[in-house]
Every structure is written in C-alpha cells, then in structure tokens.
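**Q** Sharing coords_0.cif below, mmCIF, C-alpha atoms and all ligand atoms:
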```cif
data_entry
loop_
_atom_site.label_atom_id
_atom_site.label_comp_id
_atom_site.auth_asym_id
_atom_site.auth_seq_id
_atom_site.Cartn_x
_atom_site.Cartn_y
_atom_site.Cartn_z
CA MET A 1 159.43 123.36 125.95
CA ALA A 2 157.36 125.70 123.81
CA GLY A 3 157.51 129.38 124.79
CA PRO A 4 154.40 131.44 125.58
CA ARG A 5 152.07 131.58 122.57
CA LYS A 6 152.15 134.95 120.84
CA ILE A 7 148.70 136.48 120.38
CA ALA A 8 148.42 137.74 116.83
CA SER A 9 147.44 141.38 116.96
CA PHE A 10 146.44 143.80 114.25
CA ARG A 11 147.92 147.31 114.09
CA LEU A 12 146.98 149.82 111.44
CA PRO A 13 149.88 150.75 109.14
CA PRO A 14 151.25 154.31 109.40
CA LEU A 15 148.53 156.72 108.26
CA PRO A 16 148.12 160.49 108.16
CA THR A 17 147.05 161.75 111.61
CA ILE A 18 143.36 162.60 112.12
CA GLY A 19 144.35 166.29 112.09
CA GLU A 20 146.00 165.75 108.69
CA VAL A 21 142.94 163.84 107.40
CA ILE A 22 140.75 166.78 108.43
CA LYS A 23 143.03 169.17 106.51
CA LEU A 24 143.48 166.83 103.54
CA TYR A 25 139.71 166.47 102.94
CA ASN A 26 138.86 169.97 104.17
CA LEU A 27 136.52 168.60 106.85
CA ARG A 28 135.26 171.68 108.66
CA ALA A 29 132.94 170.69 111.54
CA GLU A 30 129.26 171.29 110.72
CA LYS A 31 127.35 172.69 113.69
CA GLN A 32 123.97 171.39 112.55
CA LEU A 33 125.34 167.80 112.54
CA SER A 34 126.74 168.34 116.09
CA GLN A 35 130.25 167.65 114.90
CA ASN A 36 132.87 167.79 117.65
CA PHE A 37 135.90 165.69 116.82
CA LEU A 38 138.21 163.78 119.13
CA LEU A 39 141.76 163.89 117.82
CA ASP A 40 143.56 162.57 120.92
CA MET A 41 144.10 158.83 120.38
CA ARG A 42 144.70 158.28 124.13
CA LEU A 43 141.11 159.41 124.71
CA THR A 44 139.63 157.39 121.85
CA ASP A 45 141.57 154.32 123.11
CA LYS A 46 140.16 154.96 126.60
CA ILE A 47 136.56 155.08 125.28
CA VAL A 48 137.13 151.82 123.41
CA ARG A 49 138.54 150.11 126.53
CA GLN A 50 135.19 150.74 128.30
CA ALA A 51 133.52 148.34 125.84
CA GLY A 52 135.65 145.41 127.13
CA SER A 53 137.71 143.12 124.89
CA LEU A 54 137.10 143.77 121.19
CA ARG A 55 139.46 141.08 119.95
CA ASP A 56 137.76 139.44 116.93
CA ALA A 57 134.52 141.24 117.81
CA HIS A 58 131.86 142.72 115.56
CA VAL A 59 131.35 146.42 116.17
CA CYS A 60 129.02 149.13 114.88
CA GLU A 61 130.36 152.65 115.25
CA VAL A 62 127.89 155.54 115.13
CA GLY A 63 129.07 158.70 113.39
CA PRO A 64 132.78 157.93 112.77
CA GLY A 65 133.47 161.36 111.23
CA PRO A 66 137.21 161.71 110.50
CA GLY A 67 137.80 158.28 112.08
CA GLY A 68 139.74 158.73 115.36
CA LEU A 69 137.56 156.37 117.38
CA THR A 70 137.39 154.10 114.32
CA ARG A 71 141.18 153.64 114.39
CA SER A 72 141.10 152.83 118.12
CA ILE A 73 138.41 150.18 117.53
CA LEU A 74 140.49 148.58 114.75
CA ASN A 75 143.64 148.72 116.88
CA ALA A 76 141.72 146.97 119.68
CA GLY A 77 141.42 143.95 117.38
CA ALA A 78 137.84 144.18 116.03
CA ALA A 79 137.39 141.71 113.18
CA ASP A 80 134.37 143.38 111.60
CA LEU A 81 133.68 147.08 112.05
CA LEU A 82 130.62 148.64 110.42
CA VAL A 83 130.53 152.44 110.55
CA VAL A 84 127.40 154.50 109.82
CA GLU A 85 128.09 158.12 108.85
CA LYS A 86 125.53 160.64 107.65
CA ASP A 87 127.86 163.29 106.26
CA ASN A 88 129.22 162.22 102.87
CA ARG A 89 132.32 164.46 103.23
CA PHE A 90 133.79 161.82 105.57
CA ILE A 91 133.28 158.85 103.27
CA PRO A 92 136.53 159.18 101.22
CA GLY A 93 138.67 159.38 104.41
CA LEU A 94 136.86 156.37 105.85
CA LYS A 95 137.40 154.43 102.60
CA LEU A 96 141.12 155.19 102.88
CA LEU A 97 141.05 153.72 106.38
CA SER A 98 139.14 150.71 105.06
CA GLU A 99 141.95 150.03 102.56
CA ALA A 100 144.47 150.13 105.42
CA ALA A 101 142.48 147.46 107.28
CA PRO A 102 141.52 145.03 104.48
CA GLY A 103 138.27 143.12 105.11
CA LYS A 104 137.75 144.70 108.53
CA LEU A 105 135.98 147.99 107.91
CA ARG A 106 132.62 148.41 106.17
CA VAL A 107 131.56 151.99 105.50
CA VAL A 108 127.85 152.86 105.29
CA HIS A 109 126.76 156.31 104.21
CA GLY A 110 123.45 156.58 106.09
CA ASP A 111 121.45 157.83 109.03
CA ILE A 112 121.74 155.79 112.23
CA LEU A 113 118.15 156.69 113.14
CA THR A 114 116.85 154.71 110.17
CA TYR A 115 119.68 152.24 109.49
CA ARG A 116 118.49 148.59 109.79
CA MET A 117 121.12 147.21 112.14
CA ASP A 118 119.19 143.94 112.38
CA ARG A 119 120.45 143.26 108.86
CA GLY A 120 124.00 144.55 109.36
CA PHE A 121 125.64 141.49 110.92
CA PRO A 122 125.70 137.73 110.24
CA ASP A 123 123.09 135.57 112.00
CA VAL A 124 125.80 133.26 113.38
CA ILE A 125 126.77 135.85 116.01
CA THR A 126 123.29 135.63 117.58
CA LYS A 127 123.14 134.53 121.22
CA ALA A 128 120.04 133.59 123.19
CA TRP A 129 118.82 136.50 125.32
CA GLU A 130 119.46 134.56 128.53
CA ASP A 131 123.00 133.75 127.40
CA ASP A 132 126.08 136.00 127.69
CA PRO A 133 125.96 139.09 125.46
CA PRO A 134 126.88 138.45 121.80
CA ASP A 135 130.28 139.47 120.45
CA LEU A 136 128.74 142.63 119.03
CA HIS A 137 129.26 146.12 120.41
CA ILE A 138 127.85 149.50 119.53
CA ILE A 139 130.29 152.31 120.13
CA GLY A 140 129.93 155.97 119.32
CA ASN A 141 130.91 159.51 120.05
CA LEU A 142 127.33 160.45 119.35
CA PRO A 143 126.13 163.69 117.86
CA PHE A 144 124.35 165.47 120.77
CA SER A 145 121.41 166.27 118.48
CA VAL A 146 120.55 162.58 118.06
CA SER A 147 121.88 161.02 121.25
CA THR A 148 118.66 161.25 123.31
CA PRO A 149 116.18 160.12 120.60
CA LEU A 150 118.64 157.40 119.64
CA ILE A 151 119.02 155.96 123.14
CA ILE A 152 115.23 156.03 123.63
CA LYS A 153 114.79 154.19 120.32
CA TRP A 154 117.43 151.62 121.34
CA LEU A 155 115.84 151.17 124.79
CA GLU A 156 112.54 150.38 123.05
CA ASN A 157 114.46 147.99 120.76
CA ILE A 158 115.90 146.29 123.89
CA SER A 159 112.41 145.90 125.33
CA ASN A 160 111.16 144.33 122.07
CA ARG A 161 114.44 142.55 121.20
CA THR A 162 114.49 144.23 117.81
CA GLY A 163 117.05 146.31 115.87
CA PRO A 164 120.60 145.73 117.22
CA PHE A 165 119.12 143.41 119.86
CA VAL A 166 117.98 140.66 117.50
CA TYR A 167 121.51 139.34 118.08
CA GLY A 168 120.99 139.18 121.87
CA ARG A 169 122.00 141.58 124.63
CA THR A 170 124.26 143.79 122.50
CA ARG A 171 126.34 146.16 124.64
CA LEU A 172 126.56 149.89 124.02
CA THR A 173 129.38 152.31 124.84
CA LEU A 174 128.27 155.84 124.02
CA THR A 175 129.05 159.46 124.75
CA PHE A 176 126.44 161.95 125.91
CA GLN A 177 126.34 165.53 126.99
CA LYS A 178 127.49 165.24 130.64
CA GLU A 179 124.11 166.33 131.98
CA VAL A 180 122.35 163.57 129.98
CA ALA A 181 124.97 161.00 131.10
CA GLU A 182 124.25 161.98 134.71
CA ARG A 183 120.51 161.56 134.19
CA LEU A 184 121.02 158.12 132.63
CA THR A 185 122.94 156.85 135.64
CA ALA A 186 121.20 158.82 138.44
CA SER A 187 120.08 156.78 141.44
CA THR A 188 116.86 157.14 143.44
CA ALA A 189 116.55 160.49 145.25
CA SER A 190 119.46 162.10 143.44
CA ARG A 191 118.98 165.54 141.91
CA GLN A 192 119.45 164.24 138.36
CA ARG A 193 116.90 161.42 138.70
CA SER A 194 114.58 161.69 135.70
CA ARG A 195 112.47 159.86 133.16
CA LEU A 196 115.64 158.81 131.34
CA SER A 197 117.14 157.26 134.54
CA ILE A 198 114.13 154.97 134.98
CA MET A 199 113.74 154.05 131.31
CA ALA A 200 117.44 153.12 130.99
CA GLN A 201 117.85 151.39 134.34
CA TYR A 202 114.76 149.19 134.20
CA LEU A 203 116.14 147.63 131.01
CA CYS A 204 119.92 147.80 131.43
CA THR A 205 122.83 147.84 133.78
CA VAL A 206 123.99 151.40 133.18
CA LYS A 207 127.51 152.41 134.13
CA SER A 208 129.02 155.88 134.09
CA CYS A 209 132.60 155.38 132.83
CA PHE A 210 134.38 158.76 132.80
CA THR A 211 134.00 162.39 131.80
CA ILE A 212 135.78 164.01 128.87
CA PRO A 213 136.31 167.75 129.28
CA GLY A 214 134.81 169.82 126.46
CA ARG A 215 138.25 171.23 125.67
CA ALA A 216 139.35 167.78 124.38
CA PHE A 217 137.06 168.21 121.33
CA ILE A 218 137.55 170.22 118.18
CA PRO A 219 135.64 172.52 118.05
CA LYS A 220 135.09 172.72 121.80
CA PRO A 221 131.41 172.14 122.73
CA GLU A 222 129.74 174.26 125.44
CA VAL A 223 129.56 171.24 127.75
CA ASP A 224 131.64 168.32 129.03
CA VAL A 225 130.91 164.82 127.77
CA GLY A 226 130.17 161.61 129.70
CA VAL A 227 130.93 158.08 128.49
CA VAL A 228 128.20 155.59 129.46
CA HIS A 229 128.15 151.79 129.10
CA PHE A 230 124.89 149.81 128.84
CA THR A 231 124.37 146.05 129.15
CA PRO A 232 120.76 144.94 128.58
CA LEU A 233 119.39 142.94 131.54
CA VAL A 234 118.33 139.33 131.01
CA GLN A 235 115.16 140.11 132.93
CA PRO A 236 113.89 143.71 132.62
CA GLN A 237 112.97 145.08 136.04
CA ILE A 238 109.50 145.96 134.74
CA GLN A 239 107.68 143.35 132.68
CA LYS A 240 105.19 145.55 130.86
CA PRO A 241 105.20 146.95 127.29
CA PHE A 242 107.71 149.78 126.78
CA LYS A 243 105.03 152.28 125.70
CA LEU A 244 102.97 151.65 128.84
CA VAL A 245 106.00 152.08 131.13
CA GLU A 246 107.01 155.21 129.23
CA LYS A 247 103.51 156.67 129.64
CA VAL A 248 103.47 156.05 133.39
CA VAL A 249 106.98 157.47 133.84
CA ARG A 250 106.26 160.51 131.63
CA ASN A 251 103.18 161.34 133.69
CA VAL A 252 104.88 160.74 137.03
CA PHE A 253 107.70 163.14 136.11
CA GLN A 254 105.30 165.75 134.76
CA PHE A 255 105.38 167.62 138.04
CA ARG A 256 108.93 166.95 139.19
CA ARG A 257 108.76 168.98 142.37
CA LYS A 258 105.28 167.93 143.45
CA ARG A 259 104.16 164.69 145.12
CA CYS A 260 104.07 161.78 142.67
CA ARG A 261 100.32 161.39 143.07
CA LYS A 262 99.80 164.68 141.16
CA GLY A 263 101.40 163.34 137.96
CA ILE A 264 99.65 159.98 138.33
CA GLU A 265 96.25 161.69 138.42
CA MET A 266 96.90 162.93 134.88
CA LEU A 267 96.77 159.33 133.61
CA PHE A 268 92.99 159.45 134.06
CA PRO A 269 90.11 161.39 132.47
CA GLU A 270 89.03 164.36 134.57
CA ALA A 271 85.69 162.84 135.57
CA GLN A 272 87.34 159.78 137.22
CA ARG A 273 90.73 161.30 138.00
CA LEU A 274 90.68 161.35 141.79
CA GLU A 275 88.90 158.03 142.16
CA LEU A 276 91.13 156.04 139.76
CA ALA A 277 94.35 157.66 141.00
CA GLU A 278 93.34 156.58 144.50
CA VAL A 279 92.71 153.00 143.31
CA MET A 280 96.05 152.92 141.45
CA MET A 281 98.07 154.23 144.42
CA ARG A 282 96.38 151.77 146.76
CA GLU A 283 96.90 148.81 144.44
CA ALA A 284 100.55 149.75 143.85
CA ASP A 285 101.09 150.38 147.57
CA VAL A 286 103.34 153.36 146.83
CA ASP A 287 103.53 156.33 149.19
CA PRO A 288 101.66 159.12 147.32
CA THR A 289 103.64 161.82 149.11
CA LEU A 290 106.98 160.76 147.56
CA ARG A 291 108.45 163.12 144.94
CA PRO A 292 108.96 161.57 141.47
CA THR A 293 112.73 161.59 142.01
CA GLU A 294 112.30 159.51 145.19
CA LEU A 295 110.55 156.61 143.45
CA SER A 296 112.61 153.44 143.08
CA ILE A 297 112.32 151.12 140.10
CA PRO A 298 110.26 148.62 142.17
CA ASP A 299 107.88 151.55 142.95
CA ILE A 300 107.57 152.31 139.22
CA ARG A 301 107.06 148.59 138.54
CA ALA A 302 104.20 148.48 141.07
CA LEU A 303 102.67 151.61 139.47
CA ALA A 304 103.00 150.19 135.93
CA ASP A 305 101.39 146.90 137.07
CA ALA A 306 98.51 148.73 138.74
CA TYR A 307 98.00 151.01 135.71
CA SER A 308 98.05 148.03 133.35
CA HIS A 309 95.42 146.32 135.52
CA LEU A 310 93.21 149.44 135.43
CA CYS A 311 93.65 149.65 131.64
CA SER A 312 92.41 146.08 131.27
CA GLU A 313 89.25 147.04 133.19
CA ASN A 314 88.64 150.47 131.60
CA GLN A 315 88.39 150.47 127.84
CA GLY A 316 90.15 153.40 126.16
CA LEU A 317 92.23 154.27 129.23
CA LEU A 318 95.53 153.22 127.67
CA THR A 319 95.14 155.70 124.83
CA TYR A 320 93.81 158.51 127.04
CA ASP A 321 95.93 161.66 126.91
CA PHE A 322 95.06 164.51 129.26
CA ARG A 323 96.50 167.03 126.80
CA GLU A 324 93.97 165.98 124.22
CA GLU A 325 91.14 166.34 126.78
CA LEU A 326 92.43 169.82 127.67
CA ARG A 327 92.66 170.78 124.00
CA LEU A 328 89.06 169.74 123.32
CA LYS A 329 87.86 171.53 126.45
CA HIS A 330 89.63 174.67 125.34
CA LEU A 331 88.12 174.46 121.85
CA ASN A 332 84.63 173.88 123.26
CA ARG A 333 84.92 177.03 125.35
CA ARG A 334 85.43 179.11 122.21
CA PRO A 335 82.25 180.82 120.99
CA GLY A 336 80.54 178.98 118.11
CA SER A 337 82.16 175.60 118.70
CA SER A 338 80.30 172.27 118.99
CA SER A 339 80.76 169.67 121.72
CA ASN A 340 83.33 167.71 119.64
CA GLY A 341 85.49 170.82 119.16
CA THR A 342 84.45 171.52 115.55
CA GLN A 343 83.38 175.04 114.59
CA GLN A 344 79.65 175.57 113.92
CA PRO A 345 78.88 177.38 110.67
N1 LIG A 401 133.40 159.94 115.91
C1 LIG A 401 134.03 161.19 115.51
C2 LIG A 401 134.99 161.65 116.57
O1 LIG A 401 134.89 161.12 117.69
O2 LIG A 401 135.80 162.51 116.30
C3 LIG A 401 132.99 162.25 115.19
C4 LIG A 401 132.05 162.60 116.31
S1 LIG A 401 130.92 163.88 115.97
C5 LIG A 401 130.43 164.31 117.62
C6 LIG A 401 129.45 163.09 115.44
C7 LIG A 401 129.50 162.41 114.08
O3 LIG A 401 128.23 161.82 113.82
C8 LIG A 401 129.75 163.33 112.90
O4 LIG A 401 130.67 162.72 112.05
C9 LIG A 401 128.39 163.48 112.21
O5 LIG A 401 128.48 163.72 110.82
C10 LIG A 401 127.80 162.12 112.48
N2 LIG A 401 126.33 162.11 112.47
C11 LIG A 401 125.48 163.09 112.83
N3 LIG A 401 124.20 162.68 112.75
C12 LIG A 401 124.25 161.39 112.32
C13 LIG A 401 123.26 160.40 112.04
N4 LIG A 401 121.96 160.67 112.21
N5 LIG A 401 123.66 159.20 111.59
C14 LIG A 401 124.98 158.91 111.44
N6 LIG A 401 125.96 159.81 111.69
C15 LIG A 401 125.61 161.02 112.13
#
```
Using structure tokens, write down the structure from this file.
Ligand code: SAM
**A**
Amino acid sequence: MAGPRKIASFRLPPLPTIGEVIKLYNLRAEKQLSQNFLLDMRLTDKIVRQAGSLRDAHVCEVGPGPGGLTRSILNAGAADLLVVEKDNRFIPGLKLLSEAAPGKLRVVHGDILTYRMDRGFPDVITKAWEDDPPDLHIIGNLPFSVSTPLIIKWLENISNRTGPFVYGRTRLTLTFQKEVAERLTASTASRQRSRLSIMAQYLCTVKSCFTIPGRAFIPKPEVDVGVVHFTPLVQPQIQKPFKLVEKVVRNVFQFRRKRCRKGIEMLFPEAQRLELAEVMMREADVDPTLRPTELSIPDIRALADAYSHLCSENQGLLTYDFREELRLKHLNRRPGSSSNGTQQP
C-alpha cells in the first residue's frame, strides 16, 4: 500500500539574517517613510498565518523593506509574490532574496498608492465576485503614514471592483497603528466607533487578529500595532455609491458627541437645513437622538438611502458642501466683497 503522499514544500536556502541584511546594505530606518522593521521571524510567520493558506497562492506584499515578512510569505508556499517597495535602498537585498527563490519573487520599485495592481497578476486567477475569494492575497506591514489613505482607497476599489479587486474578493492582511486597528473593527456603541468602522464594515468582514507590541519593531514606534484581516463581502451592506456613503458618514461623525441629527443637518443648505433633515430622518426612520457612535450599519444604510432619494429630487444637493457655503458667507461679510465672494474694485 502506498504511504501518505508527501506535500512538496518550499523552504528558502540559508540566507543572512534580516539583521545582517540591514547591516550589509546599511539600511538605516527612515522616519519620513515610517520605517519600523520586524526582525522576529516568529512574528512575521504569525502575521502570514492570519492570511490563511498561501500554498501556491499569488501575493502582493506592501513595503517589504529588508524582507522579513517577505521570507515568511515565501516559506508559507506562495507561488508568485510581487513586492512593491518605495525606497530604492531595499531593492538590492530584495533582488538577492529573489535569486534564492527562483521564479517566485517579483520586485517592483514603486509607490503602492499609484501602483496599478489590476495589471500585476494574470487574468486566469480571476474569480466571479459571488464566488469564493481568488487565490490572491495582499499582505503588508504598512507604513503608518500611508495606511489610512491606502485602506480608504482600497475600500473604494472594493466598492467599484477595481484595482486589486478586478480579480474578485481579494483578501487583505495588514498592520495598522493599534488605535486605527481598533477603529476599523469597532462595533456599534463602542468608544472607538468611527467613520472608518462603518466604511470598512459595510464592505468587508473585518477581523482583528492580534496586537504586536511596539517593542517588537526596530526602531520602536511610539505605539503598538494591530493586525487586521479583511474579506470583501459578496453583497455590501449598503448598496449606494461609495462617495455618497462616505459623505453621509463624514457628516454624521462631524459632531461625535452630539445627537446624530446635528451632523445630518449639515448635508443641507442653510435655507432648507431643518426641513430636509427632518424629511431625511423621517424617511430613514432612525432615532435622531442617537449619538453617531450608536448608529448601526442598517441605520447608516437607511440614512444613505434617504439621502440618495432626496438628492434625486433636489438638483445640486449631492455636491453641496456646507464648508463651501460657510466660506462664501464669510467672504461676503468682508467689506467691499460682492455677493459671489469676489472683491469689488
Ligand atoms: N515589511 C518590512 C518589515 O516588516 O520589516 C518593513 C515595514 S516598514 C513599517 C514599511 C515599509 O514600507 C518600508 O520599507 C518603506 O520604505 C515602505 N514604504 C513606505 N511608503 C511606501 C509606499 N508608498 N509604497 C511602497 N512602499 C512604501
């Protein structure tokens, strides 16, 4: 009888440690690129395990730096790893790693905020949105300075099925400053509930994985770090354009400690503010006395639906911004200014 089939597994050959690579290439951490390195392979392996099985998977790693997490991804069996690194000092060390893993590691010197990930992987890996997620993962020990704009950009990409999500419901395993990780996963009525909680959770299943103490990084950041895993939902909990949802949520959270009605009023021009806010609250059937943090995603969905309905009936409402109205009012109050805010000669 045949014995149990051995699963072929890839292990990197012996290489200089990440600490040695840092010394070898003189890779001092640059503060303005938010560089905090993870040298402990047990921790990088633990981050990689949160992504699920990577055997034969395609992976994009954000900001590989000296390559600790990169090695863990390769050791987990990824077949195709694309790394995007902005700082060219790391490229030679990453190329060395690429030679140790022939055909498995592609190194891109670029900025993840502009990199076209929709062109980075073969079309054959694409899965229908309603299907299981594709065998593509995004993993990164993100630079703090880009983590929030990046996740907002990717959430918008999820909503439009663009960027990394042209391949289907690509999963993300990312690190954030602990406070941001807590906001991403905060539930209704919790202290950390914020704009980010709603925007992430209406589009994804968001899971807080574990916390890495700041002291595990070199150099040590001021804060601890949270690892968060995102799986895009087949059916977003709010079926309205991302920008509209974002506008409603931004306004609702404008006055965090006040009743939600106060922020909602700011969606409307001053002259119709009270009347239209009343109509919107009534149509959404949401308790106007709730604080923004107490609103559930179904509450936000009802508000977004009601706002969208009002926008369809009131031309120009969607582009209305109370800050702009305030700015013009302020300009008009200045001596010598005309009604459109321009200065009279
Ligand atoms: N992954 C490495 C680790 O865990 O040790 C390094 C993490 S360090 C927090 C962040 C890395 O992202 C740095 O290597 C930095 O150069 C890189 N980086 C910063 N901004 C970037 C951007 N916009 N695009 C790509 N990489 C970036």
**Q** Compute the set of protein, DNA and RNA residues whose minimum atom distance to ligand LIG 401 (chain A) is at most 7 Å, using only C-alpha atoms and all ligand atoms, and state it as a list in words.
**A**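 Based on only C-alpha atoms and all ligand atoms, ligand LIG 401 (chain A) is surrounded within 7 Å by Leu33, Ser34, Gln35, Asn36, Phe37, Leu38, Leu39, Val62, Gly63, Pro64, Gly65, Pro66, Gly67, Gly68, Leu69, Val84, Glu85, Lys86, Asp87, Gly110, Asp111, Ile112, Leu113, Gly140, Asn141, Leu142, Pro143, Phe144 and Val146 of chain A.
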**Q** For a quick check of understanding, using all atoms listed in the file, which of A:Asn160, A:Gln315, A:Ser308, A:Gln254 has the smallest distance to A:Phe242?
**A**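 Closest to A:Phe242, using all atoms listed in the file: A:Asn160.
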**Q** Within 6 Å of stretch 220-227 of chain A, counting only C-alpha atoms, which residues show up once you throw out same-chain ones fewer than 6 positions away? Write them as an MDAnalysis selection string, please.
**A** chainID A and resid 174:178 181 209:214
**Q** Write out, as an mmCIF file, in the frame of the given file, the residues just selected, with C-alpha atoms.
**A**
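That gives us selection.cif:
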```
data_model
loop_
_atom_site.group_PDB
_atom_site.id
_atom_site.type_symbol
_atom_site.label_atom_id
_atom_site.label_comp_id
_atom_site.auth_asym_id
_atom_site.auth_seq_id
_atom_site.Cartn_x
_atom_site.Cartn_y
_atom_site.Cartn_z
ATOM 1 C CA LEU A 174 128.270 155.840 124.020
ATOM 2 C CA THR A 175 129.050 159.460 124.750
ATOM 3 C CA PHE A 176 126.440 161.950 125.910
ATOM 4 C CA GLN A 177 126.340 165.530 126.990
ATOM 5 C CA LYS A 178 127.490 165.240 130.640
ATOM 6 C CA ALA A 181 124.970 161.000 131.100
ATOM 7 C CA CYS A 209 132.600 155.380 132.830
ATOM 8 C CA PHE A 210 134.380 158.760 132.800
ATOM 9 C CA THR A 211 134.000 162.390 131.800
ATOM 10 C CA ILE A 212 135.780 164.010 128.870
ATOM 11 C CA PRO A 213 136.310 167.750 129.280
ATOM 12 C CA GLY A 214 134.810 169.820 126.460
#
```
**Q** Rounded to one decimal, what separation in Å do you get between atom CA of A:Tyr202 and atom CA of A:Phe121?
**A** 26.8 Å
**Q** One number please: atom CA of A:Arg195 to atom CA of A:Lys243, in Å, one decimal.
**A**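 The value is 13.0 Å.
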**Q** With distances taken over only C-alpha atoms, which residue among A:Ile138, A:Val245, A:Val124, A:Ala51 lies nearest A:Val83?
**A**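 Going through A:Ile138, A:Val245, A:Val124, A:Ala51 one by one, the smallest distance to A:Val83 is for A:Ile138.
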**Q** Using only C-alpha atoms, which residues sit within 12 Å of A:Arg191 once same-chain residues fewer than 6 positions away are excluded, as number ranges by chain?
**A** A: 179, 182-183, 185, 197, 256-257, 291-294
**Q** Between A:Asp56, A:Asp118, A:Asp287, A:Asp131, which residue has the minimum interatomic distance to A:Arg259, considering all atoms listed in the file?
**A**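 With all atoms listed in the file as the atom set, the closest residue is A:Asp287.
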**Q** As a VMD selection string, please: the residues near A:Thr126 (cut-off 10 Å, all atoms listed in the file, same-chain neighbours under 6 positions excluded).
**A** chain A and resid 133 to 136 165 to 170
**Q** Write out as a count of residues only each polymer residue whose atoms come within 9 Å of A:Ala100, counting only C-alpha atoms; drop sequence neighbours fewer than 6 positions from it.
**A** 4
**Q** Using only C-alpha atoms, which residues sit within 8 Å of A:Glu130 once same-chain residues fewer than 2 positions away are excluded, as a compact mmCIF listing (two decimals) with C-alpha atoms, in the frame of the given file?
**A**
```
# COMPACT_ATOMS: atom_id res chain seq x y z
CA ALA A 128 120.04 133.59 123.19
CA ASP A 132 126.08 136.00 127.69
CA VAL A 234 118.33 139.33 131.01
```
**Q** Rounded to one decimal in Å, what is the spacing between atom CA of A:Arg106 and atom CA of A:Leu24?
**A** 21.5 Å
**Q** Centre and edge lengths, as JSON, for the axis-aligned box enclosing every listed atom of stretch 78-86 of chain A with 6 Å of padding on each of the six sides, in Å to one decimal?
**A**
```
{"center_x": 131.7, "center_y": 151.2, "center_z": 111.8, "size_x": 24.3, "size_y": 30.9, "size_z": 20.4}
```
